[in-house]
$ cat upload28.cif   # mmCIF, C-alpha atoms
data_coords
loop_
_atom_site.label_atom_id
_atom_site.label_comp_id
_atom_site.auth_asym_id
_atom_site.auth_seq_id
_atom_site.Cartn_x
_atom_site.Cartn_y
_atom_site.Cartn_z
CA MET E 170 125.12 85.55 203.63
CA ARG E 171 124.31 81.85 203.46
CA ASP E 172 124.06 80.50 199.91
CA MET E 173 120.50 79.23 199.40
CA SER E 174 120.86 78.29 195.72
CA MET E 175 118.97 75.25 194.50
CA SER E 176 122.18 73.28 194.11
CA ASN E 177 122.99 73.71 197.80
CA MET E 178 119.45 72.84 198.86
CA ARG E 179 119.50 69.45 197.16
CA PRO E 180 119.91 66.54 199.59
CA LYS E 181 123.30 64.87 199.42
CA THR E 182 123.15 61.18 198.59
CA THR E 183 125.52 58.45 197.47
CA ARG E 184 122.69 56.33 196.05
CA PRO E 185 123.31 55.40 192.39
CA ARG E 186 121.07 56.95 189.77
CA VAL E 187 120.41 54.58 186.88
CA TYR E 188 118.17 55.63 184.00
CA LEU E 189 116.82 52.67 182.03
CA ASP E 190 113.75 54.20 180.41
CA TYR E 191 115.19 55.40 177.10
CA ALA E 192 112.19 54.03 175.17
CA ALA E 193 110.11 56.69 176.95
CA THR E 194 112.51 59.52 176.13
CA THR E 195 116.19 60.22 175.64
CA PRO E 196 118.24 63.15 176.96
CA LEU E 197 119.12 65.96 174.60
CA ASP E 198 122.55 65.29 173.12
CA PRO E 199 124.90 68.21 174.03
CA ARG E 200 125.92 68.48 170.38
CA VAL E 201 122.26 68.93 169.45
CA ALA E 202 121.75 71.52 172.20
CA GLU E 203 124.77 73.47 170.94
CA VAL E 204 123.38 73.69 167.41
CA MET E 205 119.91 74.65 168.66
CA HIS E 206 121.18 77.54 170.78
CA LEU E 207 122.07 79.73 167.79
CA TYR E 208 118.52 79.50 166.49
CA GLU E 209 117.03 80.45 169.85
CA THR E 210 118.97 83.70 170.11
CA ASP E 211 120.23 84.88 166.71
CA VAL E 212 118.10 83.37 163.92
CA PHE E 213 114.81 83.73 165.76
CA ALA E 214 112.39 85.20 163.19
CA ASN E 215 109.18 83.54 162.09
CA PRO E 216 109.97 81.52 158.94
CA ARG E 217 106.56 82.50 157.54
CA SER E 218 107.43 86.22 157.63
CA PRO E 219 108.25 87.81 154.24
CA HIS E 220 111.17 89.97 155.39
CA ALA E 221 114.86 89.08 155.24
CA PHE E 222 114.96 87.77 158.83
CA GLY E 223 112.05 85.45 158.11
CA MET E 224 113.57 84.27 154.83
CA GLU E 225 116.80 83.41 156.64
CA ALA E 226 114.87 81.32 159.16
CA ARG E 227 112.93 79.70 156.32
CA ARG E 228 116.17 78.65 154.62
CA VAL E 229 117.28 77.03 157.88
CA VAL E 230 114.02 75.10 158.16
CA GLU E 231 114.17 73.94 154.55
CA ASP E 232 117.80 72.87 154.92
CA ALA E 233 116.85 70.76 157.94
CA ARG E 234 113.90 69.30 156.04
CA SER E 235 116.17 68.35 153.13
CA ARG E 236 118.67 66.66 155.44
CA ILE E 237 115.97 64.61 157.15
CA ALA E 238 114.53 63.70 153.75
CA THR E 239 117.95 62.39 152.70
CA TYR E 240 118.17 60.16 155.78
CA VAL E 241 114.78 58.58 155.04
CA GLY E 242 115.27 58.34 151.27
CA VAL E 243 112.60 60.77 150.07
CA THR E 244 112.37 64.27 148.64
CA ALA E 245 112.10 67.28 150.91
CA ASP E 246 108.47 68.01 149.99
CA GLU E 247 107.48 64.60 151.34
CA VAL E 248 108.50 65.59 154.91
CA ARG E 249 106.01 67.46 157.11
CA PHE E 250 106.99 68.61 160.61
CA THR E 251 104.67 67.70 163.47
CA HIS E 252 104.60 68.35 167.21
CA SER E 253 105.48 64.76 168.17
CA GLY E 254 105.21 61.14 167.12
CA SER E 255 101.72 60.90 168.58
CA ASP E 256 100.70 64.03 166.69
CA GLY E 257 102.10 62.55 163.49
CA ASN E 258 100.23 59.29 163.98
CA MET E 259 96.91 61.05 164.42
CA ARG E 260 97.55 63.35 161.45
CA ALA E 261 98.39 60.36 159.26
CA ILE E 262 95.10 58.62 159.96
CA MET E 263 92.93 61.72 159.83
CA GLY E 264 94.75 63.14 156.80
CA VAL E 265 93.92 60.11 154.65
CA LEU E 266 90.32 59.94 155.84
CA ASN E 267 89.92 63.70 155.29
CA ALA E 268 91.07 63.29 151.68
CA LEU E 269 88.61 60.46 151.09
CA GLN E 270 85.78 62.47 152.58
CA ASP E 271 86.66 65.30 150.19
CA LYS E 272 86.13 62.79 147.39
CA GLY E 273 82.62 62.10 148.67
CA MET E 274 83.13 59.02 150.85
CA LEU E 275 81.39 58.77 154.19
CA LEU E 276 83.17 57.62 157.32
CA SER E 277 80.66 54.78 157.52
CA ASP E 278 81.92 53.59 154.11
CA MET E 279 85.51 53.22 155.37
CA HIS E 280 87.34 50.33 157.01
CA CYS E 281 90.70 50.70 158.78
CA ILE E 282 93.09 48.09 160.18
CA VAL E 283 95.44 48.94 163.06
CA GLY E 284 97.86 46.68 164.86
CA SER E 285 96.65 45.16 168.12
CA ILE E 286 99.86 46.31 169.82
CA GLU E 287 100.04 49.79 168.28
CA HIS E 288 100.99 52.92 170.21
CA SER E 289 98.14 54.37 172.23
CA SER E 290 97.91 57.41 169.93
CA VAL E 291 96.94 55.14 167.03
CA ARG E 292 94.57 53.02 169.09
CA SER E 293 92.81 56.02 170.63
CA CYS E 294 92.36 57.61 167.21
CA ALA E 295 90.96 54.34 165.85
CA GLU E 296 88.56 54.10 168.80
CA LEU E 297 87.34 57.65 168.17
CA LEU E 298 86.79 56.92 164.48
CA SER E 299 84.92 53.74 165.38
CA ARG E 300 82.49 55.81 167.45
CA ARG E 301 81.99 58.04 164.40
CA GLY E 302 81.09 55.18 162.09
CA VAL E 303 84.39 53.91 160.70
CA SER E 304 84.75 50.13 160.75
CA VAL E 305 87.97 49.19 162.58
CA SER E 306 89.75 45.83 162.77
CA TYR E 307 92.81 45.00 164.90
CA ALA E 308 95.66 43.10 163.26
CA PRO E 309 96.78 40.06 165.29
CA VAL E 310 100.29 39.24 166.43
CA THR E 311 102.08 36.01 167.22
CA THR E 312 103.02 35.05 170.77
CA ASP E 313 106.45 36.53 169.94
CA GLY E 314 104.86 39.93 169.37
CA ILE E 315 105.31 39.91 165.59
CA LEU E 316 102.56 41.00 163.18
CA ASP E 317 100.82 38.02 161.58
CA VAL E 318 100.87 39.21 157.96
CA ASP E 319 98.59 36.48 156.56
CA ARG E 320 95.89 37.02 159.17
CA THR E 321 96.19 40.79 158.76
CA LEU E 322 95.66 40.60 155.01
CA ALA E 323 92.67 38.33 155.61
CA LEU E 324 90.99 41.26 157.40
CA ILE E 325 90.96 43.38 154.23
CA LYS E 326 87.55 44.26 152.81
CA ASP E 327 86.41 46.11 149.71
CA THR E 328 86.00 49.17 151.97
CA THR E 329 89.49 49.00 153.53
CA VAL E 330 91.31 52.30 153.02
CA PHE E 331 94.04 52.45 155.69
CA ILE E 332 96.40 50.14 157.58
CA SER E 333 98.68 51.29 160.41
CA ASN E 334 101.33 49.10 161.95
CA MET E 335 104.43 50.27 163.80
CA LEU E 336 107.96 49.41 162.70
CA VAL E 337 109.29 48.84 166.24
CA ASN E 338 107.00 48.22 169.19
CA ASN E 339 107.53 50.68 172.01
CA GLU E 340 106.88 48.23 174.85
CA ILE E 341 108.56 45.01 173.77
CA GLY E 342 110.98 46.24 171.08
CA THR E 343 109.92 43.77 168.39
CA ILE E 344 110.69 44.66 164.77
CA GLN E 345 107.63 44.30 162.59
CA PRO E 346 107.60 42.92 158.99
CA ILE E 347 106.36 46.13 157.38
CA ALA E 348 108.31 45.56 154.15
CA GLN E 349 106.69 42.13 153.76
CA LEU E 350 103.24 43.59 154.44
CA ALA E 351 103.86 46.40 151.92
CA GLU E 352 104.99 43.96 149.23
CA ARG E 353 101.86 41.82 149.67
CA LEU E 354 99.66 44.93 149.53
CA LYS E 355 100.97 45.83 146.07
CA ASP E 356 99.04 42.99 144.44
CA ILE E 357 95.93 43.64 146.53
CA ASN E 358 95.94 47.31 145.54
CA LYS E 359 95.97 46.55 141.81
CA GLY E 360 92.67 47.59 140.32
CA ARG E 361 91.22 48.98 143.54
CA LYS E 362 89.35 52.25 143.22
CA ASN E 363 90.65 53.44 146.59
CA GLN E 364 94.18 52.27 147.25
CA ILE E 365 94.89 50.98 150.76
CA VAL E 366 97.32 53.39 152.40
CA LEU E 367 99.98 51.79 154.62
CA HIS E 368 101.30 53.86 157.53
CA THR E 369 104.05 52.89 159.95
CA ASP E 370 105.05 54.51 163.23
CA ALA E 371 108.86 54.38 163.20
CA SER E 372 109.39 56.60 166.25
CA GLN E 373 111.30 53.91 168.17
CA ALA E 374 113.48 52.87 165.25
CA PRO E 375 116.13 55.40 164.08
CA LEU E 376 118.65 54.83 166.87
CA TRP E 377 118.68 51.11 166.09
CA LEU E 378 117.55 50.64 162.48
CA PRO E 379 117.76 52.50 159.17
CA VAL E 380 114.39 54.05 158.33
CA VAL E 381 114.62 54.47 154.55
CA LEU E 382 111.00 54.71 153.44
CA PRO E 383 111.40 53.15 149.95
CA ASN E 384 113.00 50.09 151.58
CA ILE E 385 110.29 49.85 154.24
CA GLY E 386 107.61 50.13 151.56
CA ALA E 387 105.03 52.14 153.50
CA ASP E 388 103.18 55.15 152.13
CA MET E 389 103.49 57.17 155.33
CA MET E 390 105.94 57.10 158.24
CA THR E 391 106.00 58.83 161.62
CA LEU E 392 109.19 59.97 163.40
CA ASP E 393 109.82 61.60 166.78
CA ALA E 394 112.98 63.56 167.65
CA HIS E 395 113.04 62.97 171.40
CA LYS E 396 113.38 59.21 170.88
CA MET E 397 116.76 59.82 169.19
CA TYR E 398 118.50 62.32 171.54
CA GLY E 399 116.75 65.25 169.90
CA PRO E 400 114.41 67.87 171.37
CA LYS E 401 110.90 67.21 172.60
CA GLY E 402 107.97 68.75 170.77
CA ILE E 403 109.08 68.04 167.21
CA GLY E 404 108.49 65.10 164.91
CA ALA E 405 107.81 64.39 161.26
CA LEU E 406 105.20 62.70 159.11
CA VAL E 407 106.71 61.46 155.87
CA ILE E 408 104.13 61.18 153.08
CA LYS E 409 105.03 59.45 149.82
CA HIS E 410 104.04 61.27 146.65
CA GLY E 411 100.59 60.28 145.47
CA THR E 412 99.25 59.41 148.91
CA PRO E 413 95.83 61.03 149.54
CA TYR E 414 96.20 63.51 152.37
CA VAL E 415 94.35 66.59 153.57
CA GLY E 416 95.63 68.24 156.74
CA MET E 417 93.66 69.02 159.86
CA CYS E 418 93.06 72.58 158.67
CA GLY E 419 92.20 71.54 155.13
CA THR E 420 95.70 71.97 153.69
CA ILE E 421 96.48 69.61 150.86
CA HIS E 422 99.93 67.98 150.96
CA LYS E 423 101.08 69.48 147.66
CA ILE E 424 100.04 73.01 148.63
CA GLN E 425 101.63 73.41 152.05
CA LYS E 426 104.32 71.27 153.64
CA ASP E 427 103.33 71.81 157.28
CA GLU E 428 100.20 72.67 159.23
CA GLY E 429 99.59 76.25 160.39
CA GLY E 430 101.43 77.90 163.25
CA THR E 431 104.93 79.26 163.75
CA PRO E 432 107.56 76.62 162.92
CA ASN E 433 109.81 75.76 165.87
CA VAL E 434 113.12 76.56 164.20
CA PRO E 435 115.48 75.49 167.05
CA ALA E 436 113.63 72.17 167.45
CA ILE E 437 113.63 71.50 163.71
CA VAL E 438 117.38 72.17 163.53
CA GLY E 439 117.92 69.96 166.57
CA PHE E 440 115.86 67.20 164.99
CA ALA E 441 118.04 67.23 161.87
CA LYS E 442 121.25 67.20 163.94
CA ALA E 443 120.04 64.35 166.12
CA PHE E 444 119.15 62.34 163.02
CA GLU E 445 122.59 63.05 161.54
CA LEU E 446 124.25 61.68 164.70
CA CYS E 447 121.99 58.60 164.55
CA GLU E 448 123.20 57.85 161.05
CA GLN E 449 126.86 58.35 161.99
CA GLU E 450 126.87 56.37 165.24
CA ARG E 451 124.21 53.68 164.80
CA ASP E 452 126.47 50.72 164.01
CA GLU E 453 128.74 51.27 166.98
CA THR E 454 125.83 51.94 169.37
CA VAL E 455 123.87 48.88 168.26
CA ALA E 456 126.90 46.59 168.60
CA ARG E 457 127.68 47.75 172.15
CA ILE E 458 124.10 47.82 173.42
CA THR E 459 123.30 44.40 171.94
CA VAL E 460 126.06 42.91 174.09
CA LEU E 461 124.66 44.67 177.16
CA ARG E 462 121.10 43.55 176.41
CA ASP E 463 122.11 39.91 175.91
CA TYR E 464 124.16 39.96 179.12
CA SER E 465 121.17 41.40 180.96
CA ILE E 466 118.83 38.68 179.69
CA GLU E 467 121.35 36.02 180.73
CA GLN E 468 121.55 37.50 184.22
CA LEU E 469 117.77 37.75 184.56
CA HIS E 470 117.33 34.10 183.59
CA ALA E 471 120.15 33.01 185.89
CA ARG E 472 118.88 34.91 188.95
CA PHE E 473 115.12 34.58 188.41
CA PRO E 474 114.11 31.21 186.90
CA ASP E 475 110.44 32.26 186.81
CA ALA E 476 111.17 35.45 184.86
CA ARG E 477 109.74 35.58 181.37
CA ILE E 478 111.10 37.68 178.48
CA HIS E 479 108.35 38.96 176.18
CA GLY E 480 108.75 39.40 172.45
CA SER E 481 110.98 37.72 169.91
CA LEU E 482 114.58 37.32 171.02
CA THR E 483 115.80 37.68 167.43
CA ASN E 484 113.49 40.22 165.76
CA ARG E 485 113.96 42.99 168.30
CA VAL E 486 115.94 46.20 168.63
CA ALA E 487 119.09 46.24 170.71
CA ASN E 488 117.94 48.34 173.64
CA ASN E 489 114.71 46.73 174.84
CA ILE E 490 113.99 44.08 177.46
CA SER E 491 110.40 43.31 178.48
CA VAL E 492 110.48 40.98 181.48
CA SER E 493 107.78 39.77 183.86
CA PHE E 494 107.92 38.17 187.28
CA PRO E 495 104.96 36.06 188.47
CA ASN E 496 102.73 37.48 191.21
CA ILE E 497 104.56 40.83 191.27
CA GLU E 498 102.59 43.89 190.18
CA ALA E 499 104.66 45.91 187.73
CA GLU E 500 103.62 49.29 189.15
CA PHE E 501 104.81 48.17 192.59
CA LEU E 502 108.10 46.99 191.13
CA VAL E 503 108.68 50.26 189.27
CA THR E 504 108.07 52.17 192.51
CA GLN E 505 110.49 49.98 194.44
CA LEU E 506 113.18 50.42 191.80
CA SER E 507 112.62 54.17 191.83
CA MET E 508 113.24 54.22 195.59
CA HIS E 509 116.67 52.75 194.79
CA GLY E 510 117.42 55.38 192.13
CA ILE E 511 116.45 53.26 189.12
CA ALA E 512 114.18 54.50 186.34
CA ALA E 513 112.30 51.79 184.44
CA SER E 514 108.67 51.46 183.37
CA ALA E 515 105.73 49.11 183.53
CA LYS E 516 104.38 49.98 180.08
CA SER E 517 104.29 52.84 177.60
CA ALA E 518 104.83 56.23 179.25
CA CYS E 519 101.74 57.44 177.36
CA LEU E 520 99.65 54.97 179.40
CA SER E 521 101.26 55.39 182.82
CA GLY E 522 98.94 55.79 185.77
CA GLY E 523 96.32 53.31 184.59
CA GLY E 524 95.69 50.10 186.48
CA GLU E 525 94.43 47.95 183.61
CA GLY E 526 97.81 46.48 182.72
CA SER E 527 99.51 46.46 179.33
CA TYR E 528 97.30 45.73 176.31
CA VAL E 529 100.50 44.89 174.41
CA ILE E 530 101.37 42.07 176.79
CA ALA E 531 97.69 41.07 176.97
CA ALA E 532 97.90 40.30 173.24
CA LEU E 533 100.90 38.00 173.84
CA ASP E 534 100.65 36.63 177.35
CA PRO E 535 97.42 37.70 179.12
CA GLU E 536 98.29 36.21 182.50
CA ARG E 537 101.37 38.45 182.76
CA LYS E 538 99.85 41.75 181.53
CA ASN E 539 100.12 43.31 185.03
CA ASN E 540 103.59 41.94 185.79
CA VAL E 541 105.80 43.35 183.05
CA LEU E 542 108.83 45.56 183.60
CA ARG E 543 110.32 47.40 180.62
CA ILE E 544 114.05 48.03 180.76
CA SER E 545 115.36 50.11 177.86
CA PHE E 546 118.99 51.09 177.34
CA GLY E 547 120.59 54.17 175.82
CA LYS E 548 124.02 55.23 174.65
CA GLU E 549 125.05 56.03 178.25
CA SER E 550 124.15 52.57 179.63
CA VAL E 551 126.95 50.37 180.96
CA ARG E 552 127.26 46.89 182.50
CA GLU E 553 127.50 48.32 186.02
CA ASP E 554 123.96 49.66 185.58
CA ILE E 555 122.44 46.24 185.00
CA GLU E 556 124.51 44.67 187.78
CA TYR E 557 123.08 47.23 190.20
CA VAL E 558 119.54 46.65 188.91
CA ILE E 559 119.89 42.89 189.30
CA SER E 560 121.12 43.30 192.88
CA VAL E 561 118.14 45.54 193.72
CA LEU E 562 115.70 43.12 192.06
CA VAL E 563 117.12 40.28 194.17
CA ASP E 564 116.35 42.23 197.33
CA VAL E 565 112.94 43.49 196.22
CA LEU E 566 111.67 40.16 194.88
CA ALA E 567 112.92 38.34 197.97
#
$ encode --input "upload28.cif" --output "structure tokens"
Amino acid sequence: MRDMSMSNMRPKTTRPRVYLDYAATTPLDPRVAEVMHLYETDVFANPRSPHAFGMEARRVVEDARSRIATYVGVTADEVRFTHSGSDGNMRAIMGVLNALQDKGMLLSDMHCIVGSIEHSSVRSCAELLSRRGVSVSYAPVTTDGILDVDRTLALIKDTTVFISNMLVNNEIGTIQPIAQLAERLKDINKGRKNQIVLHTDASQAPLWLPVVLPNIGADMMTLDAHKMYGPKGIGALVIKHGTPYVGMCGTIHKIQKDEGGTPNVPAIVGFAKAFELCEQERDETVARITVLRDYSIEQLHARFPDARIHGSLTNRVANNISVSFPNIEAEFLVTQLSMHGIAASAKSACLSGGGEGSYVIAALDPERKNNVLRISFGKESVREDIEYVISVLVDVLA
């Protein structure tokens, strides 16, 4: 009988396949997958169950929590597991506002500041709160895509209760001065009845930067496993002791570490393993990918004099290039590259499909907001990848 398996039905092609969209998601590291497998088949009980099987699973979850806590410099009870980075961002904002409402404050009495180039999950949450009466301001950035700390602090009011600004921007890769912002906030918070809570989304950071919360200085930090070769569907919200927080279902931080539902044991274990590998391999990965990124920028400038790199060339992570070409729609360019086997993006994957351009680039360089291509490297990327991409861009842009 003729073999009709899926592998034999796939069209044969010699076209290269080049994935350069690691800022959107990374593949699951085989070493992570291997560790996860045991907890999908053998240690499968619900960690909330009181029997011996459940207690075994609970020990596994708590061990993973402790390991992650060590990597970010906090205690285990300051780490709450979430469903993703976006989920963690929304829980951070709502958790603080929930706690303040429990103290008797009204939403209309609160003022929040979010970065103008924040992830869409933060912006959409801020927009929802604005419709419900919360006053919201957007922190400005420089033309290099770096938070303007002085102008951000100038936005603070007596009613300000929350500031959210990401550690690494997901579209342009710029590293934000969160430690500087946190240090300046210490003096402002002295004597305030309601302390201003500082949250940072660090989802894009762990592969490229240490994310030790005491060094960063924030009160809350969001992480996402699938940005660091871990599984999808698991993240963490790190909440420093003393930070006001009431969960979506009314759970206070000190009472219950995570929200309701069955903990995803394999994903939690995979998250911890992926983080461990980040810590072990970061220096080598950053050194190699920085060379590749700088070579790529040199080639783009040499081949396309009108190309423009967005974001600081010094305060950026190793794997990100945001480049625009005049009079070329980014969505068209992404499609053309895809036809040649190349995966890149026009903006954040969470905003794909919209035709309004990138609000991140609009904050830096409005005339190019529809023309920006994001190229993001991973551990598998090599020089041959960028040479192929450059050759395709030459043909497409011609």
$ closest_atom_pairs --input "upload28.cif" --of "segment 268-362 of chain E" --to "segment 385-407 of chain E" --cutoff "7 Å" --atoms "all atoms listed in the file" --output "Markdown table"
| residue | atom | partner | partner_atom | distance |
| --- | --- | --- | --- | --- |
| E:Ile347 | CA | E:Ile385 | CA | 6.3 |
| E:Ala348 | CA | E:Ile385 | CA | 4.7 |
| E:Ala351 | CA | E:Gly386 | CA | 5.3 |
$ residues_around --input "upload28.cif" --residues "Gln468 of chain E" --least-positions-apart "2" --cutoff "12 Å" --atoms "all atoms listed in the file" --output "ChimeraX atom specification"
/E:461-466,470-474,476,478,492,552,555-560,562-563
$ resolve_selection --input "upload28.cif" --expression "the PyMOL selection byres ((chain E and resi 247) around 6)" --output "NGL selection string"
:E and (244-246 or 248 or 407-409)
$ closest_residue --input "upload28.cif" --among "E:Thr329, E:Asn338, E:Thr239, E:Thr483" --to "Asn358 of chain E" --atoms "only C-alpha atoms"
E:Thr329
$ resolve_selection --input "upload28.cif" --expression "the PyMOL selection byres ((chain E and resi 362) around 12)" --output "list of chain:residue names"
E:Leu269, E:Lys272, E:Met274, E:Asp327, E:Thr328, E:Thr329, E:Val330, E:Ile357, E:Asn358, E:Lys359, E:Gly360, E:Arg361, E:Asn363, E:Gln364, E:Ile365
$ resolve_selection --input "upload28.cif" --expression "the PyMOL selection byres ((chain E and resi 256) around 12)" --output "MDAnalysis selection string"
chainID E and resid 249:255 257:264 288:291 293:294 370 372 391:393 402:406 416:417 428
$ residues_around --input "upload28.cif" --residues "segment 506-516 of chain E" --least-positions-apart "3" --cutoff "7 Å" --atoms "all atoms listed in the file" --output "PyMOL selection string"
chain E and resi 184-190+340+499-500+502-503+520-521+527+541-544
$ write_last_selection --input "upload28.cif" --atoms "C-alpha atoms" --output "PDB file, in the frame of the given file"
ATOM      1  CA  ARG E 184     122.690  56.330 196.050  1.00  0.00           C
ATOM      2  CA  PRO E 185     123.310  55.400 192.390  1.00  0.00           C
ATOM      3  CA  ARG E 186     121.070  56.950 189.770  1.00  0.00           C
ATOM      4  CA  VAL E 187     120.410  54.580 186.880  1.00  0.00           C
ATOM      5  CA  TYR E 188     118.170  55.630 184.000  1.00  0.00           C
ATOM      6  CA  LEU E 189     116.820  52.670 182.030  1.00  0.00           C
ATOM      7  CA  ASP E 190     113.750  54.200 180.410  1.00  0.00           C
ATOM      8  CA  GLU E 340     106.880  48.230 174.850  1.00  0.00           C
ATOM      9  CA  ALA E 499     104.660  45.910 187.730  1.00  0.00           C
ATOM     10  CA  GLU E 500     103.620  49.290 189.150  1.00  0.00           C
ATOM     11  CA  LEU E 502     108.100  46.990 191.130  1.00  0.00           C
ATOM     12  CA  VAL E 503     108.680  50.260 189.270  1.00  0.00           C
ATOM     13  CA  LEU E 520      99.650  54.970 179.400  1.00  0.00           C
ATOM     14  CA  SER E 521     101.260  55.390 182.820  1.00  0.00           C
ATOM     15  CA  SER E 527      99.510  46.460 179.330  1.00  0.00           C
ATOM     16  CA  VAL E 541     105.800  43.350 183.050  1.00  0.00           C
ATOM     17  CA  LEU E 542     108.830  45.560 183.600  1.00  0.00           C
ATOM     18  CA  ARG E 543     110.320  47.400 180.620  1.00  0.00           C
ATOM     19  CA  ILE E 544     114.050  48.030 180.760  1.00  0.00           C
TER      20      ILE E 544
END
$ axis_aligned_box --input "upload28.cif" --around "segment 342-346 of chain E" --padding-each-side "6 Å" --output "lines of an AutoDock Vina configuration file"
center_x = 109.3
center_y = 44.6
center_z = 165.0
size_x = 15.4
size_y = 15.3
size_z = 24.1
$ atom_distance --input "upload28.cif" --atom1 "atom CA of Gly480 of chain E" --atom2 "atom CA of Ile341 of chain E"
5.8 Å
$ atom_distance --input "upload28.cif" --atom1 "atom CA of Ala214 of chain E" --atom2 "atom CA of Val438 of chain E"
14.0 Å
$ build_atoms --input "upload28.cif" --residues "segment 253-264 of chain E" --atoms "N, CA, C and O atoms" --output "PDB file, in the frame of the given file"
ATOM      1  N   SER E 253     104.989  65.959 167.473  1.00  0.00           N
ATOM      2  CA  SER E 253     105.480  64.760 168.170  1.00  0.00           C
ATOM      3  C   SER E 253     105.161  63.550 167.314  1.00  0.00           C
ATOM      4  O   SER E 253     104.492  63.653 166.282  1.00  0.00           O
ATOM      5  N   GLY E 254     105.581  62.379 167.790  1.00  0.00           N
ATOM      6  CA  GLY E 254     105.210  61.140 167.120  1.00  0.00           C
ATOM      7  C   GLY E 254     103.713  60.883 167.224  1.00  0.00           C
ATOM      8  O   GLY E 254     103.072  60.483 166.243  1.00  0.00           O
ATOM      9  N   SER E 255     103.161  61.106 168.402  1.00  0.00           N
ATOM     10  CA  SER E 255     101.720  60.900 168.580  1.00  0.00           C
ATOM     11  C   SER E 255     100.924  61.819 167.666  1.00  0.00           C
ATOM     12  O   SER E 255      99.932  61.414 167.053  1.00  0.00           O
ATOM     13  N   ASP E 256     101.359  63.076 167.571  1.00  0.00           N
ATOM     14  CA  ASP E 256     100.700  64.030 166.690  1.00  0.00           C
ATOM     15  C   ASP E 256     100.784  63.554 165.236  1.00  0.00           C
ATOM     16  O   ASP E 256      99.799  63.596 164.490  1.00  0.00           O
ATOM     17  N   GLY E 257     101.944  63.051 164.842  1.00  0.00           N
ATOM     18  CA  GLY E 257     102.100  62.550 163.490  1.00  0.00           C
ATOM     19  C   GLY E 257     101.219  61.357 163.198  1.00  0.00           C
ATOM     20  O   GLY E 257     100.653  61.239 162.101  1.00  0.00           O
ATOM     21  N   ASN E 258     101.092  60.460 164.163  1.00  0.00           N
ATOM     22  CA  ASN E 258     100.230  59.290 163.980  1.00  0.00           C
ATOM     23  C   ASN E 258      98.783  59.703 163.739  1.00  0.00           C
ATOM     24  O   ASN E 258      98.111  59.183 162.841  1.00  0.00           O
ATOM     25  N   MET E 259      98.290  60.614 164.558  1.00  0.00           N
ATOM     26  CA  MET E 259      96.910  61.050 164.420  1.00  0.00           C
ATOM     27  C   MET E 259      96.693  61.796 163.114  1.00  0.00           C
ATOM     28  O   MET E 259      95.664  61.632 162.444  1.00  0.00           O
ATOM     29  N   ARG E 260      97.674  62.618 162.713  1.00  0.00           N
ATOM     30  CA  ARG E 260      97.550  63.350 161.450  1.00  0.00           C
ATOM     31  C   ARG E 260      97.575  62.397 160.258  1.00  0.00           C
ATOM     32  O   ARG E 260      96.905  62.640 159.243  1.00  0.00           O
ATOM     33  N   ALA E 261      98.347  61.328 160.352  1.00  0.00           N
ATOM     34  CA  ALA E 261      98.390  60.360 159.260  1.00  0.00           C
ATOM     35  C   ALA E 261      97.019  59.747 159.023  1.00  0.00           C
ATOM     36  O   ALA E 261      96.515  59.714 157.881  1.00  0.00           O
ATOM     37  N   ILE E 262      96.412  59.262 160.091  1.00  0.00           N
ATOM     38  CA  ILE E 262      95.100  58.620 159.960  1.00  0.00           C
ATOM     39  C   ILE E 262      94.057  59.611 159.478  1.00  0.00           C
ATOM     40  O   ILE E 262      93.342  59.373 158.495  1.00  0.00           O
ATOM     41  N   MET E 263      93.970  60.740 160.162  1.00  0.00           N
ATOM     42  CA  MET E 263      92.930  61.720 159.830  1.00  0.00           C
ATOM     43  C   MET E 263      93.176  62.353 158.468  1.00  0.00           C
ATOM     44  O   MET E 263      92.227  62.676 157.757  1.00  0.00           O
ATOM     45  N   GLY E 264      94.449  62.528 158.083  1.00  0.00           N
ATOM     46  CA  GLY E 264      94.750  63.140 156.800  1.00  0.00           C
ATOM     47  C   GLY E 264      94.245  62.320 155.628  1.00  0.00           C
ATOM     48  O   GLY E 264      93.716  62.858 154.647  1.00  0.00           O
TER      49      GLY E 264
END
